[in-house]
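Below: query_22.txt (compact mmCIF, C-alpha atoms)
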```txt
# COMPACT_ATOMS: atom_id res chain seq x y z
CA MET A 1 -0.31 26.63 7.34
CA SER A 2 0.34 29.61 5.11
CA GLU A 3 -2.13 30.35 2.34
CA GLN A 4 -0.75 29.17 -0.97
CA LYS A 5 -1.93 30.32 -4.34
CA PRO A 6 -3.79 27.49 -6.13
CA ILE A 7 -1.77 25.72 -8.81
CA GLU A 8 -3.38 25.83 -12.25
CA THR A 9 -2.51 23.16 -14.80
CA ASP A 10 -4.03 21.01 -17.56
CA VAL A 11 -4.32 17.67 -15.80
CA VAL A 12 -3.96 16.57 -12.17
CA ILE A 13 -3.18 12.88 -11.76
CA ILE A 14 -3.89 11.17 -8.45
CA GLY A 15 -1.38 8.35 -8.05
CA ALA A 16 2.19 8.08 -9.39
CA GLY A 17 2.16 4.35 -10.08
CA PRO A 18 2.77 2.88 -13.55
CA ALA A 19 -0.64 3.95 -14.91
CA GLY A 20 -0.28 7.52 -13.63
CA LEU A 21 3.27 7.80 -14.94
CA PHE A 22 2.39 6.55 -18.41
CA ALA A 23 -0.53 9.00 -18.44
CA VAL A 24 2.07 11.79 -18.08
CA PHE A 25 3.70 10.49 -21.27
CA GLU A 26 0.52 10.19 -23.32
CA LEU A 27 -0.75 13.59 -22.14
CA GLY A 28 2.68 15.10 -22.70
CA LEU A 29 2.69 14.05 -26.36
CA LEU A 30 -0.46 16.14 -26.68
CA ASP A 31 1.23 19.13 -24.97
CA LEU A 32 -0.82 18.78 -21.81
CA LYS A 33 0.94 19.69 -18.57
CA THR A 34 0.57 17.41 -15.57
CA HIS A 35 0.84 17.48 -11.78
CA LEU A 36 0.85 14.20 -9.83
CA ILE A 37 -0.12 13.63 -6.21
CA ASP A 38 0.99 10.55 -4.29
CA ILE A 39 0.90 9.72 -0.60
CA LEU A 40 4.20 7.84 -0.87
CA ASP A 41 7.53 9.69 -0.92
CA ARG A 42 8.60 8.39 -4.34
CA PRO A 43 7.09 7.27 -7.65
CA GLY A 44 5.99 3.73 -8.45
CA GLY A 45 3.03 2.96 -6.21
CA GLN A 46 2.64 -0.74 -5.49
CA CYS A 47 5.53 -1.59 -7.86
CA THR A 48 8.11 0.12 -5.68
CA GLU A 49 6.34 -0.12 -2.32
CA LEU A 50 5.36 -3.79 -2.40
CA TYR A 51 7.59 -5.58 -4.88
CA PRO A 52 10.56 -3.49 -6.08
CA GLU A 53 12.77 -6.57 -6.44
CA LYS A 54 10.17 -8.96 -7.86
CA PRO A 55 10.27 -9.73 -11.56
CA ILE A 56 7.25 -8.91 -13.73
CA TYR A 57 6.90 -11.02 -16.87
CA ASP A 58 3.85 -9.58 -18.63
CA ILE A 59 4.91 -6.10 -19.69
CA PRO A 60 4.77 -6.09 -23.51
CA ALA A 61 8.26 -6.30 -25.06
CA LEU A 62 10.00 -6.60 -21.67
CA PRO A 63 10.38 -10.35 -21.05
CA ILE A 64 11.47 -9.66 -17.49
CA VAL A 65 11.60 -6.46 -15.49
CA THR A 66 11.49 -5.77 -11.75
CA GLY A 67 8.98 -3.39 -10.19
CA GLN A 68 11.74 -0.84 -9.54
CA GLU A 69 13.21 -1.16 -13.05
CA LEU A 70 9.79 -0.65 -14.62
CA VAL A 71 9.28 2.53 -12.62
CA ASP A 72 12.82 3.74 -13.43
CA HIS A 73 12.08 3.22 -17.15
CA LEU A 74 8.78 5.08 -16.86
CA MET A 75 10.46 7.97 -15.04
CA ALA A 76 13.00 8.18 -17.88
CA GLN A 77 10.17 8.08 -20.42
CA VAL A 78 8.25 10.99 -18.83
CA LYS A 79 11.33 13.13 -18.18
CA PRO A 80 10.94 15.25 -21.36
CA PHE A 81 7.55 16.42 -20.10
CA SER A 82 8.78 17.65 -16.68
CA PRO A 83 5.76 16.66 -14.64
CA THR A 84 5.47 18.15 -11.15
CA PHE A 85 5.28 15.60 -8.33
CA HIS A 86 3.61 16.29 -5.01
CA PHE A 87 4.84 13.41 -2.88
CA GLY A 88 3.72 12.65 0.65
CA GLU A 89 0.32 14.19 0.02
CA MET A 90 -3.10 12.62 -0.25
CA ALA A 91 -5.92 13.84 -2.47
CA ALA A 92 -8.44 14.91 0.16
CA GLY A 93 -11.24 16.81 -1.58
CA LEU A 94 -12.62 17.50 -5.04
CA THR A 95 -15.04 20.28 -5.98
CA LYS A 96 -16.36 21.62 -9.28
CA LEU A 97 -15.72 25.31 -9.91
CA PRO A 98 -18.26 27.63 -11.58
CA ASP A 99 -16.07 27.77 -14.72
CA GLY A 100 -16.36 23.98 -15.13
CA ARG A 101 -12.84 23.15 -13.95
CA TRP A 102 -12.10 21.00 -10.90
CA LYS A 103 -10.35 22.02 -7.69
CA LEU A 104 -8.48 19.27 -5.91
CA THR A 105 -7.33 19.81 -2.33
CA THR A 106 -4.59 17.76 -0.70
CA ASP A 107 -4.35 16.83 2.97
CA ALA A 108 -1.49 19.32 3.21
CA GLY A 109 -3.87 22.11 2.21
CA LYS A 110 -2.51 22.51 -1.33
CA GLU A 111 -5.03 23.42 -4.04
CA LEU A 112 -4.73 22.36 -7.67
CA ILE A 113 -7.12 23.55 -10.38
CA ALA A 114 -7.46 21.77 -13.73
CA PRO A 115 -10.11 20.98 -16.32
CA VAL A 116 -9.18 17.30 -16.14
CA ILE A 117 -8.54 15.05 -13.14
CA VAL A 118 -7.19 11.54 -13.69
CA ILE A 119 -7.59 9.05 -10.85
CA ALA A 120 -4.85 6.45 -11.12
CA ALA A 121 -4.90 5.53 -7.46
CA GLY A 122 -4.64 1.73 -7.68
CA ALA A 123 -6.36 0.28 -4.65
CA GLY A 124 -6.12 3.57 -2.78
CA SER A 125 -3.64 5.17 -0.39
CA PHE A 126 -0.87 3.40 1.47
CA VAL A 127 -1.47 3.83 5.19
CA PRO A 128 0.23 2.25 8.22
CA LYS A 129 -1.14 -1.12 9.34
CA ARG A 130 -3.07 -0.80 12.59
CA PRO A 131 -2.56 -3.72 14.98
CA PRO A 132 -5.86 -5.42 15.95
CA ILE A 133 -5.70 -4.34 19.60
CA PRO A 134 -9.08 -3.37 21.11
CA GLY A 135 -9.44 0.38 21.55
CA ILE A 136 -6.12 1.32 19.92
CA ASP A 137 -7.76 4.07 17.86
CA ALA A 138 -8.53 6.05 21.02
CA TYR A 139 -4.78 6.49 21.63
CA GLU A 140 -3.71 7.26 18.05
CA GLY A 141 -2.09 10.64 17.57
CA LYS A 142 -1.58 11.16 21.32
CA SER A 143 0.31 8.11 22.53
CA VAL A 144 0.17 5.61 19.66
CA HIS A 145 2.24 6.74 16.68
CA TYR A 146 2.91 5.06 13.32
CA ALA A 147 5.85 7.34 12.56
CA VAL A 148 8.30 9.37 14.62
CA ARG A 149 8.16 13.06 13.79
CA LYS A 150 10.09 14.51 16.74
CA MET A 151 12.40 12.26 18.76
CA GLU A 152 12.32 14.70 21.68
CA ALA A 153 8.66 13.82 22.26
CA PHE A 154 9.86 10.44 23.55
CA ARG A 155 12.50 11.68 25.99
CA ASP A 156 12.10 10.20 29.49
CA LYS A 157 9.07 8.18 28.36
CA HIS A 158 8.34 4.49 28.70
CA VAL A 159 8.37 3.54 25.02
CA LEU A 160 7.00 0.32 23.53
CA VAL A 161 8.01 -0.59 19.96
CA ALA A 162 6.42 -3.49 18.04
CA GLY A 163 7.65 -5.09 14.83
CA GLY A 164 10.68 -6.76 13.27
CA GLY A 165 11.50 -4.68 10.21
CA ASP A 166 13.88 -1.78 9.68
CA SER A 167 11.54 0.88 11.09
CA ALA A 168 11.05 -1.03 14.34
CA LEU A 169 14.78 -1.65 14.76
CA ASP A 170 15.89 1.84 13.68
CA TRP A 171 13.58 3.55 16.17
CA THR A 172 14.52 1.10 18.90
CA LEU A 173 18.16 2.08 18.40
CA ASN A 174 17.43 5.82 18.11
CA LEU A 175 15.01 6.13 21.02
CA ALA A 176 16.64 3.78 23.54
CA PRO A 177 19.26 6.39 24.61
CA ILE A 178 16.68 9.08 25.39
CA ALA A 179 13.69 7.03 26.57
CA ARG A 180 13.14 6.23 30.24
CA SER A 181 12.66 2.63 29.18
CA LEU A 182 12.36 0.94 25.82
CA THR A 183 10.64 -2.38 25.22
CA LEU A 184 10.72 -4.07 21.82
CA VAL A 185 8.20 -6.82 21.15
CA HIS A 186 8.21 -9.11 18.15
CA HIS A 187 6.54 -12.43 17.40
CA ARG A 188 9.84 -14.31 17.03
CA ASP A 189 13.47 -14.02 18.05
CA GLY A 190 14.47 -13.22 14.49
CA PHE A 191 14.15 -10.10 12.36
CA ARG A 192 13.81 -9.13 8.74
CA ALA A 193 15.63 -5.87 9.50
CA GLN A 194 19.27 -5.22 8.51
CA ALA A 195 21.65 -7.56 10.35
CA HIS A 196 23.79 -4.72 11.74
CA SER A 197 20.73 -3.07 13.31
CA VAL A 198 19.73 -6.37 14.87
CA ASN A 199 23.26 -6.82 16.28
CA GLN A 200 23.21 -3.31 17.76
CA MET A 201 19.83 -3.99 19.31
CA ARG A 202 21.11 -7.21 20.88
CA GLU A 203 24.06 -5.31 22.37
CA LEU A 204 21.62 -2.84 23.95
CA VAL A 205 19.59 -5.75 25.33
CA ALA A 206 22.75 -7.30 26.79
CA ALA A 207 23.63 -3.96 28.37
CA GLY A 208 20.17 -3.68 29.92
CA LYS A 209 19.26 -0.63 27.81
CA VAL A 210 16.52 -2.37 25.81
CA ASN A 211 13.99 -4.91 27.00
CA PHE A 212 13.20 -7.39 24.21
CA GLN A 213 10.31 -9.82 24.46
CA VAL A 214 9.03 -12.44 22.03
CA ALA A 215 5.42 -11.44 22.48
CA SER A 216 2.52 -9.50 21.07
CA VAL A 217 0.63 -6.57 22.52
CA LYS A 218 -2.65 -7.93 23.84
CA ALA A 219 -4.18 -4.89 25.51
CA LEU A 220 -3.56 -1.20 26.08
CA HIS A 221 -4.43 0.61 29.30
CA GLY A 222 -4.87 4.32 29.87
CA ALA A 223 -7.41 7.11 29.70
CA ASP A 224 -8.25 10.10 27.49
CA GLY A 225 -5.83 9.01 24.79
CA GLN A 226 -2.89 8.74 27.18
CA LEU A 227 -1.39 5.28 27.63
CA ARG A 228 -0.01 4.16 30.96
CA ALA A 229 0.50 0.42 30.48
CA ALA A 230 0.27 -2.50 28.06
CA THR A 231 -0.37 -6.20 28.52
CA LEU A 232 2.06 -8.37 26.58
CA LEU A 233 1.19 -11.92 25.58
CA GLY A 234 3.99 -14.42 25.10
CA HIS A 235 3.77 -17.43 22.78
CA ASP A 236 3.55 -19.64 25.88
CA LYS A 237 0.34 -17.68 26.70
CA SER A 238 2.00 -16.01 29.68
CA GLU A 239 1.02 -12.40 30.22
CA ASN A 240 2.86 -9.50 31.78
CA GLN A 241 2.07 -5.84 32.14
CA ILE A 242 4.59 -3.08 31.55
CA ASP A 243 4.50 0.71 31.95
CA VAL A 244 3.99 2.43 28.59
CA ASP A 245 3.66 6.13 27.80
CA ALA A 246 4.04 5.76 24.03
CA PHE A 247 3.49 2.85 21.67
CA LEU A 248 5.05 2.67 18.20
CA PRO A 249 3.71 -0.19 16.05
CA PHE A 250 5.71 -0.77 12.83
CA PHE A 251 4.03 -3.37 10.62
CA GLY A 252 4.48 -1.68 7.28
CA LEU A 253 1.78 -0.25 5.07
CA THR A 254 -1.51 -1.43 3.74
CA ILE A 255 -3.87 0.11 1.20
CA LYS A 256 -7.11 1.88 2.02
CA LEU A 257 -9.32 3.61 -0.52
CA GLY A 258 -9.47 6.81 1.52
CA PRO A 259 -11.13 10.12 0.54
CA ILE A 260 -11.72 9.06 -3.11
CA ALA A 261 -14.77 7.25 -1.77
CA GLU A 262 -16.33 10.68 -1.12
CA PHE A 263 -15.68 12.14 -4.59
CA GLY A 264 -19.18 11.29 -5.84
CA LEU A 265 -18.06 8.91 -8.57
CA GLY A 266 -20.71 6.20 -8.09
CA LEU A 267 -18.29 3.56 -6.84
CA ASN A 268 -18.94 -0.09 -7.53
CA GLU A 269 -17.22 -2.32 -4.94
CA ASN A 270 -14.68 0.46 -4.27
CA MET A 271 -13.89 0.87 -7.98
CA ILE A 272 -14.80 3.73 -10.30
CA PRO A 273 -17.09 2.75 -13.20
CA VAL A 274 -15.85 4.27 -16.49
CA ASP A 275 -16.69 4.01 -20.16
CA THR A 276 -14.21 2.16 -22.35
CA ALA A 277 -13.89 4.76 -25.10
CA LYS A 278 -12.62 7.63 -22.97
CA PHE A 279 -12.18 6.11 -19.49
CA GLU A 280 -14.25 8.94 -18.08
CA SER A 281 -16.26 8.54 -14.88
CA GLU A 282 -19.86 9.65 -14.46
CA GLN A 283 -18.49 13.13 -13.69
CA PRO A 284 -17.38 14.88 -16.89
CA GLY A 285 -13.68 15.73 -16.76
CA ILE A 286 -12.88 13.10 -14.12
CA PHE A 287 -11.16 10.13 -15.66
CA GLY A 288 -9.95 6.86 -14.17
CA ILE A 289 -7.20 4.47 -15.28
CA GLY A 290 -5.52 1.39 -13.83
CA ASP A 291 -6.59 -0.83 -10.95
CA ILE A 292 -9.04 1.71 -9.48
CA ILE A 293 -11.54 1.44 -12.35
CA THR A 294 -14.10 -1.11 -13.42
CA TYR A 295 -15.78 -1.86 -16.77
CA PRO A 296 -16.96 -5.05 -18.44
CA GLY A 297 -13.92 -7.25 -18.99
CA LYS A 298 -11.53 -5.14 -16.87
CA LEU A 299 -8.28 -6.87 -15.97
CA LYS A 300 -6.04 -5.50 -13.22
CA LEU A 301 -2.87 -5.62 -15.28
CA ILE A 302 -0.26 -2.89 -15.70
CA LEU A 303 -0.56 -3.21 -19.49
CA SER A 304 -4.30 -2.45 -19.27
CA GLY A 305 -3.48 0.74 -17.36
CA PHE A 306 -1.16 1.81 -20.21
CA HIS A 307 -3.88 1.31 -22.82
CA GLU A 308 -6.39 3.16 -20.67
CA ALA A 309 -3.96 6.08 -20.27
CA ALA A 310 -3.57 6.45 -24.06
CA LEU A 311 -7.31 6.59 -24.74
CA MET A 312 -7.95 8.86 -21.75
CA ALA A 313 -5.34 11.34 -23.06
CA GLN A 314 -7.19 11.75 -26.38
CA ALA A 315 -10.43 12.60 -24.55
CA ALA A 316 -8.65 14.85 -22.04
CA PHE A 317 -7.17 16.87 -24.92
CA HIS A 318 -10.62 17.84 -26.19
CA ILE A 319 -11.59 19.10 -22.72
CA CYS A 320 -8.34 21.01 -22.15
CA ARG A 321 -8.12 22.42 -25.70
CA PRO A 322 -11.73 22.69 -26.89
CA ASN A 323 -10.85 24.90 -29.86
CA GLU A 324 -7.94 22.86 -31.18
CA LYS A 325 -8.02 19.94 -33.56
CA LEU A 326 -6.24 16.78 -32.43
CA ARG A 327 -3.88 15.33 -35.00
CA PHE A 328 -3.10 11.67 -34.42
CA GLN A 329 0.61 11.04 -34.89
CA TYR A 330 3.20 8.31 -34.36
CA THR A 331 6.42 8.82 -32.41
CA THR A 332 8.31 6.86 -35.10
CA SER A 333 7.47 9.30 -37.88
CA SER A 334 6.37 12.62 -36.41
CA SER A 335 9.19 15.17 -36.15
CA ASN A 336 6.81 17.23 -34.00
CA LEU A 337 6.49 14.45 -31.41
CA GLN A 338 10.21 13.69 -31.61
CA LYS A 339 10.95 17.32 -30.82
CA LYS A 340 8.79 17.11 -27.70
CA LEU A 341 10.67 13.98 -26.69
CA GLY A 342 13.96 15.76 -27.23
CA VAL A 343 15.21 13.12 -29.67
CA ASN A 344 15.13 15.12 -32.89
CA GLY A 345 18.37 16.86 -33.79
CA MET B 1 -10.41 -32.44 -1.90
CA LYS B 2 -11.84 -29.89 0.51
CA ILE B 3 -10.48 -27.25 2.82
CA PHE B 4 -12.27 -25.61 5.72
CA ALA B 5 -11.92 -21.89 6.35
CA THR B 6 -13.13 -19.95 9.37
CA ASP B 7 -13.81 -16.26 8.78
CA ARG B 8 -13.25 -13.41 11.25
CA ASP B 9 -16.75 -13.87 12.67
CA GLY B 10 -16.01 -17.49 13.53
CA LYS B 11 -18.13 -18.97 10.73
CA GLU B 12 -16.64 -22.02 9.04
CA ILE B 13 -17.14 -22.66 5.35
CA GLU B 14 -16.17 -25.60 3.20
CA ILE B 15 -14.27 -24.85 0.00
CA GLU B 16 -13.78 -27.29 -2.86
CA GLY B 17 -10.04 -27.56 -3.45
CA ARG B 18 -8.42 -26.91 -6.78
CA ASP B 19 -5.15 -28.62 -7.45
CA GLY B 20 -2.35 -26.14 -8.05
CA TRP B 21 -4.23 -23.11 -6.72
CA THR B 22 -2.88 -21.39 -3.66
CA ILE B 23 -4.97 -21.36 -0.48
CA MET B 24 -5.11 -17.55 -0.80
CA GLU B 25 -6.65 -17.83 -4.29
CA MET B 26 -9.23 -20.33 -3.05
CA LEU B 27 -10.18 -18.17 -0.06
CA ARG B 28 -10.59 -15.18 -2.36
CA GLU B 29 -12.56 -17.20 -4.94
CA ALA B 30 -14.87 -18.36 -2.14
CA GLY B 31 -15.62 -14.70 -1.38
CA LEU B 32 -13.80 -14.51 1.94
CA PRO B 33 -12.44 -11.05 2.83
CA ILE B 34 -8.76 -11.77 2.31
CA THR B 35 -6.90 -8.66 1.16
CA ALA B 36 -3.87 -10.22 -0.57
CA GLU B 37 -3.02 -6.82 -1.97
CA CYS B 38 0.23 -7.89 -3.66
CA GLY B 39 -1.63 -10.63 -5.54
CA GLY B 40 0.39 -13.56 -4.24
CA ALA B 41 3.96 -12.30 -4.53
CA CYS B 42 4.79 -12.85 -0.83
CA ALA B 43 5.24 -9.10 -0.60
CA CYS B 44 2.54 -7.72 1.67
CA ALA B 45 1.51 -10.14 4.47
CA THR B 46 -2.20 -9.40 3.96
CA CYS B 47 -3.22 -13.03 3.26
CA HIS B 48 -2.28 -14.12 6.79
CA VAL B 49 -4.04 -17.22 8.17
CA TYR B 50 -3.76 -19.44 11.24
CA ILE B 51 -3.32 -23.14 10.53
CA ASP B 52 -5.23 -25.66 12.62
CA PRO B 53 -2.67 -27.07 15.12
CA GLU B 54 -3.17 -30.60 13.76
CA TRP B 55 -2.08 -29.45 10.33
CA VAL B 56 0.93 -27.27 11.14
CA ALA B 57 3.50 -30.05 10.89
CA LYS B 58 1.98 -31.49 7.71
CA LEU B 59 2.65 -28.39 5.62
CA ASN B 60 5.84 -27.56 3.79
CA PRO B 61 7.80 -25.33 6.15
CA ALA B 62 7.80 -21.60 5.45
CA THR B 63 10.67 -20.31 3.32
CA ASP B 64 12.96 -17.59 4.70
CA MET B 65 11.11 -15.12 2.48
CA GLU B 66 7.76 -16.07 4.01
CA VAL B 67 9.15 -15.97 7.56
CA ASP B 68 10.54 -12.49 6.91
CA MET B 69 7.29 -11.30 5.37
CA LEU B 70 5.33 -12.59 8.39
CA ASP B 71 7.16 -9.90 10.37
CA MET B 72 4.87 -7.44 8.60
CA ALA B 73 1.70 -9.36 9.51
CA LEU B 74 -0.43 -8.44 12.49
CA ALA B 75 -1.18 -10.74 15.45
CA VAL B 76 1.30 -13.41 14.38
CA GLN B 77 1.18 -16.73 16.24
CA PRO B 78 3.34 -19.87 16.00
CA ASN B 79 0.76 -21.37 13.59
CA SER B 80 0.71 -18.30 11.32
CA ARG B 81 1.28 -18.73 7.57
CA LEU B 82 0.79 -16.64 4.45
CA SER B 83 -1.89 -18.39 2.44
CA CYS B 84 -0.40 -17.33 -0.90
CA GLN B 85 2.58 -19.58 -0.12
CA LEU B 86 0.50 -22.74 0.39
CA THR B 87 -0.43 -24.68 -2.73
CA CYS B 88 -3.40 -27.03 -2.81
CA SER B 89 -2.80 -30.73 -3.32
CA GLU B 90 -4.41 -34.02 -2.27
CA GLU B 91 -2.17 -34.10 0.81
CA LEU B 92 -3.98 -31.01 2.10
CA ASP B 93 -7.45 -32.61 1.90
CA GLY B 94 -9.28 -31.48 5.04
CA LEU B 95 -6.92 -28.60 5.88
CA LYS B 96 -8.41 -26.12 8.33
CA VAL B 97 -7.42 -22.45 8.32
CA THR B 98 -8.68 -19.36 10.13
CA LEU B 99 -8.40 -15.84 8.72
CA ALA B 100 -6.17 -13.65 10.88
CA PRO B 101 -7.50 -10.25 11.99
CA GLU B 102 -6.61 -7.16 10.01
```

Kindly transcribe the structure held in the file into structure tokens.
Amino acid sequence: MSEQKPIETDVVIIGAGPAGLFAVFELGLLDLKTHLIDILDRPGGQCTELYPEKPIYDIPALPIVTGQELVDHLMAQVKPFSPTFHFGEMAAGLTKLPDGRWKLTTDAGKELIAPVIVIAAGAGSFVPKRPPIPGIDAYEGKSVHYAVRKMEAFRDKHVLVAGGGDSALDWTLNLAPIARSLTLVHHRDGFRAQAHSVNQMRELVAAGKVNFQVASVKALHGADGQLRAATLLGHDKSENQIDVDAFLPFFGLTIKLGPIAEFGLGLNENMIPVDTAKFESEQPGIFGIGDIITYPGKLKLILSGFHEAALMAQAAFHICRPNEKLRFQYTTSSSNLQKKLGVNG
Amino acid sequence: MKIFATDRDGKEIEIEGRDGWTIMEMLREAGLPITAECGGACACATCHVYIDPEWVAKLNPATDMEVDMLDMALAVQPNSRLSCQLTCSEELDGLKVTLAPE
């Protein structure tokens, strides 16, 4: 990886869910520039990853809004402040610099330096679900993959795909023509994936190009990270062994706390304790908002994250602009704020 | 009413039922390690349980949404259900469930 110059800004926000996005707005009103890091490839966090189509009924003044609509509204609300998003990256390390600022490193090797870090990471990072097969971790990266980076890597291989969603079906269809053999296993003869993908898969099965089994993967066999076979277990408890060079399990994502656990923030049951005046952690300059924090009376509600973002922004201002006086203003009456929002004249 | 839940170490505990609560909520309230990361919206498949074979036919059948979401669960069996989609009532007195691996 080429050496990049560190990015310097006012505030780095970890997590682009609703709390992180609203923090951009509150910080923006105070002229603080923001960069956001999120492991997903788009904004919204759990709202867009887990329940984009589900209605939410407890957002103040919005009697009903879906997860995706809420995030779309928030993206429109933060647009005047032009935040920079770093998608597909995970906050990996945090160190204090001699000048008192913080340096945050991402898993892609990017460095961001700011006097204020805001952790709005929800329950943590979305990571692929790992099937509970004994010893699977020994094959990960070499012959068990949770994503396909280069299709060519699977040419002339015995490929095993597990799952019933779009990823499982898409990669079955894409890899079947180049693989030596392709076996798809799923727990039922029905799929949540798009109907046309399922139909195409069934055509390949009929043509003998794909082997489909209603089964689960019971055991993996191989050595030194290289698979050579797998034992499949049918619902009738029958077992059969097939040749496998590569195994692709697609069971969606789950949430793991990840490297934040190592940031030295005195976690309490995987949550960051903060004070309720500034929402600052035990490390000065590191704030927390949303589901990742804990304090007496904390509720894991989106509306609580919004409130926390507003109070955090006031405290962050004093760290980022120690010599300036903060003037509290309302967006309804302040021409200064309206100018920032691009709604004045 | 009572339900019986077996954790991933094979230990069975007895939980006092609460009418109208989901099984997922009762498992979580009882301190069992059930992730349920979407909070009961049938959107994540991390509240997956196995139903005791004697009870499978006595439950309301899974909706299409639940069946689809089970595709994202791990180690699914014919007696798999998402516990956030099962609501407690007197008819479920004595229900036995086992937490699925994760």

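Proximity to Met65 (chain B) was assessed for B:Arg81, B:Lys96, B:Lys2, B:Arg28 counting all atoms listed in the file; the smallest distance is recorded for B:Arg81.
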
Contact residues around Thr87 (chain B) with only C-alpha atoms at 7 Å, ignoring same-chain residues under 6 positions, as a ChimeraX atom specification: /B:20-23

How close does each residue of region 108-158 of chain A get to region 36-50 of chain B, giving the shortest atom pair and distance in Å to one decimal for every residue with an atom at most 12 Å away, counting only C-alpha atoms, sorted by chain and residue number, as CSV?
```
residue,atom,partner,partner_atom,distance
A:Gly122,CA,B:Glu37,CA,10.4
A:Ala123,CA,B:Glu37,CA,8.3
A:Gly124,CA,B:Glu37,CA,10.9
A:Phe126,CA,B:Glu37,CA,11.0
A:Lys129,CA,B:Thr46,CA,9.9
```

Chain A near chain B within 7 Å: what's each residue's closest atom pair and its distance in Å to one decimal, counting only C-alpha atoms, ordered by chain then ascending residue number, as a tab-separated table?
```
residue	atom	partner	partner_atom	distance
A:Leu50	CA	B:Ala43	CA	5.6
A:Tyr51	CA	B:Ala43	CA	6.0
A:Pro131	CA	B:Leu74	CA	5.7
A:Pro132	CA	B:Glu102	CA	6.2
A:Gly163	CA	B:Asp71	CA	6.6
A:Gly164	CA	B:Asp71	CA	5.5
A:Gly165	CA	B:Asp71	CA	6.8
A:His187	CA	B:Val76	CA	6.1
A:Phe191	CA	B:Asp68	CA	7.0
A:Arg192	CA	B:Asp68	CA	5.0
A:Ser216	CA	B:Ala75	CA	6.8
A:Phe251	CA	B:Met72	CA	4.6
A:Gly252	CA	B:Met72	CA	5.9
```

Contact residues around Lys218 (chain A) with all atoms listed in the file at 9 Å, ignoring same-chain residues under 3 positions, as a PyMOL selection string: (chain A and resi 132-134+215+230-233+239) or (chain B and resi 75)

Missing atoms in region 228-242 of chain A need filling: write out N, CA and C atoms for it as a PDB file, keeping the file's coordinate frame.
```pdb
ATOM      1  N   ARG A 228      -0.864   4.300  29.774  1.00  0.00           N
ATOM      2  CA  ARG A 228      -0.010   4.160  30.960  1.00  0.00           C
ATOM      3  C   ARG A 228       0.574   2.765  31.066  1.00  0.00           C
ATOM      4  N   ALA A 229      -0.026   1.779  30.385  1.00  0.00           N
ATOM      5  CA  ALA A 229       0.500   0.420  30.480  1.00  0.00           C
ATOM      6  C   ALA A 229       0.030  -0.402  29.287  1.00  0.00           C
ATOM      7  N   ALA A 230       0.690  -1.554  29.094  1.00  0.00           N
ATOM      8  CA  ALA A 230       0.270  -2.500  28.060  1.00  0.00           C
ATOM      9  C   ALA A 230       0.425  -3.903  28.604  1.00  0.00           C
ATOM     10  N   THR A 231      -0.483  -4.786  28.170  1.00  0.00           N
ATOM     11  CA  THR A 231      -0.370  -6.200  28.520  1.00  0.00           C
ATOM     12  C   THR A 231       0.266  -6.923  27.341  1.00  0.00           C
ATOM     13  N   LEU A 232       1.371  -7.615  27.622  1.00  0.00           N
ATOM     14  CA  LEU A 232       2.060  -8.370  26.580  1.00  0.00           C
ATOM     15  C   LEU A 232       1.733  -9.841  26.737  1.00  0.00           C
ATOM     16  N   LEU A 233       1.559 -10.504  25.581  1.00  0.00           N
ATOM     17  CA  LEU A 233       1.190 -11.920  25.580  1.00  0.00           C
ATOM     18  C   LEU A 233       2.305 -12.703  24.892  1.00  0.00           C
ATOM     19  N   GLY A 234       2.933 -13.599  25.667  1.00  0.00           N
ATOM     20  CA  GLY A 234       3.990 -14.420  25.100  1.00  0.00           C
ATOM     21  C   GLY A 234       3.415 -15.603  24.338  1.00  0.00           C
ATOM     22  N   HIS A 235       4.256 -16.277  23.538  1.00  0.00           N
ATOM     23  CA  HIS A 235       3.770 -17.430  22.780  1.00  0.00           C
ATOM     24  C   HIS A 235       3.381 -18.586  23.699  1.00  0.00           C
ATOM     25  N   ASP A 236       3.926 -18.599  24.925  1.00  0.00           N
ATOM     26  CA  ASP A 236       3.550 -19.640  25.880  1.00  0.00           C
ATOM     27  C   ASP A 236       2.278 -19.238  26.640  1.00  0.00           C
ATOM     28  N   LYS A 237       1.589 -18.180  26.123  1.00  0.00           N
ATOM     29  CA  LYS A 237       0.340 -17.680  26.700  1.00  0.00           C
ATOM     30  C   LYS A 237       0.535 -16.961  28.030  1.00  0.00           C
ATOM     31  N   SER A 238       1.780 -16.764  28.441  1.00  0.00           N
ATOM     32  CA  SER A 238       2.000 -16.010  29.680  1.00  0.00           C
ATOM     33  C   SER A 238       1.784 -14.526  29.392  1.00  0.00           C
ATOM     34  N   GLU A 239       1.286 -13.826  30.387  1.00  0.00           N
ATOM     35  CA  GLU A 239       1.020 -12.400  30.220  1.00  0.00           C
ATOM     36  C   GLU A 239       1.836 -11.601  31.213  1.00  0.00           C
ATOM     37  N   ASN A 240       2.286 -10.423  30.799  1.00  0.00           N
ATOM     38  CA  ASN A 240       2.860  -9.500  31.780  1.00  0.00           C
ATOM     39  C   ASN A 240       2.516  -8.084  31.371  1.00  0.00           C
ATOM     40  N   GLN A 241       2.449  -7.230  32.395  1.00  0.00           N
ATOM     41  CA  GLN A 241       2.070  -5.840  32.140  1.00  0.00           C
ATOM     42  C   GLN A 241       3.277  -4.944  32.337  1.00  0.00           C
ATOM     43  N   ILE A 242       3.478  -4.010  31.406  1.00  0.00           N
ATOM     44  CA  ILE A 242       4.590  -3.080  31.550  1.00  0.00           C
ATOM     45  C   ILE A 242       4.068  -1.646  31.469  1.00  0.00           C
TER      46      ILE A 242
END
```
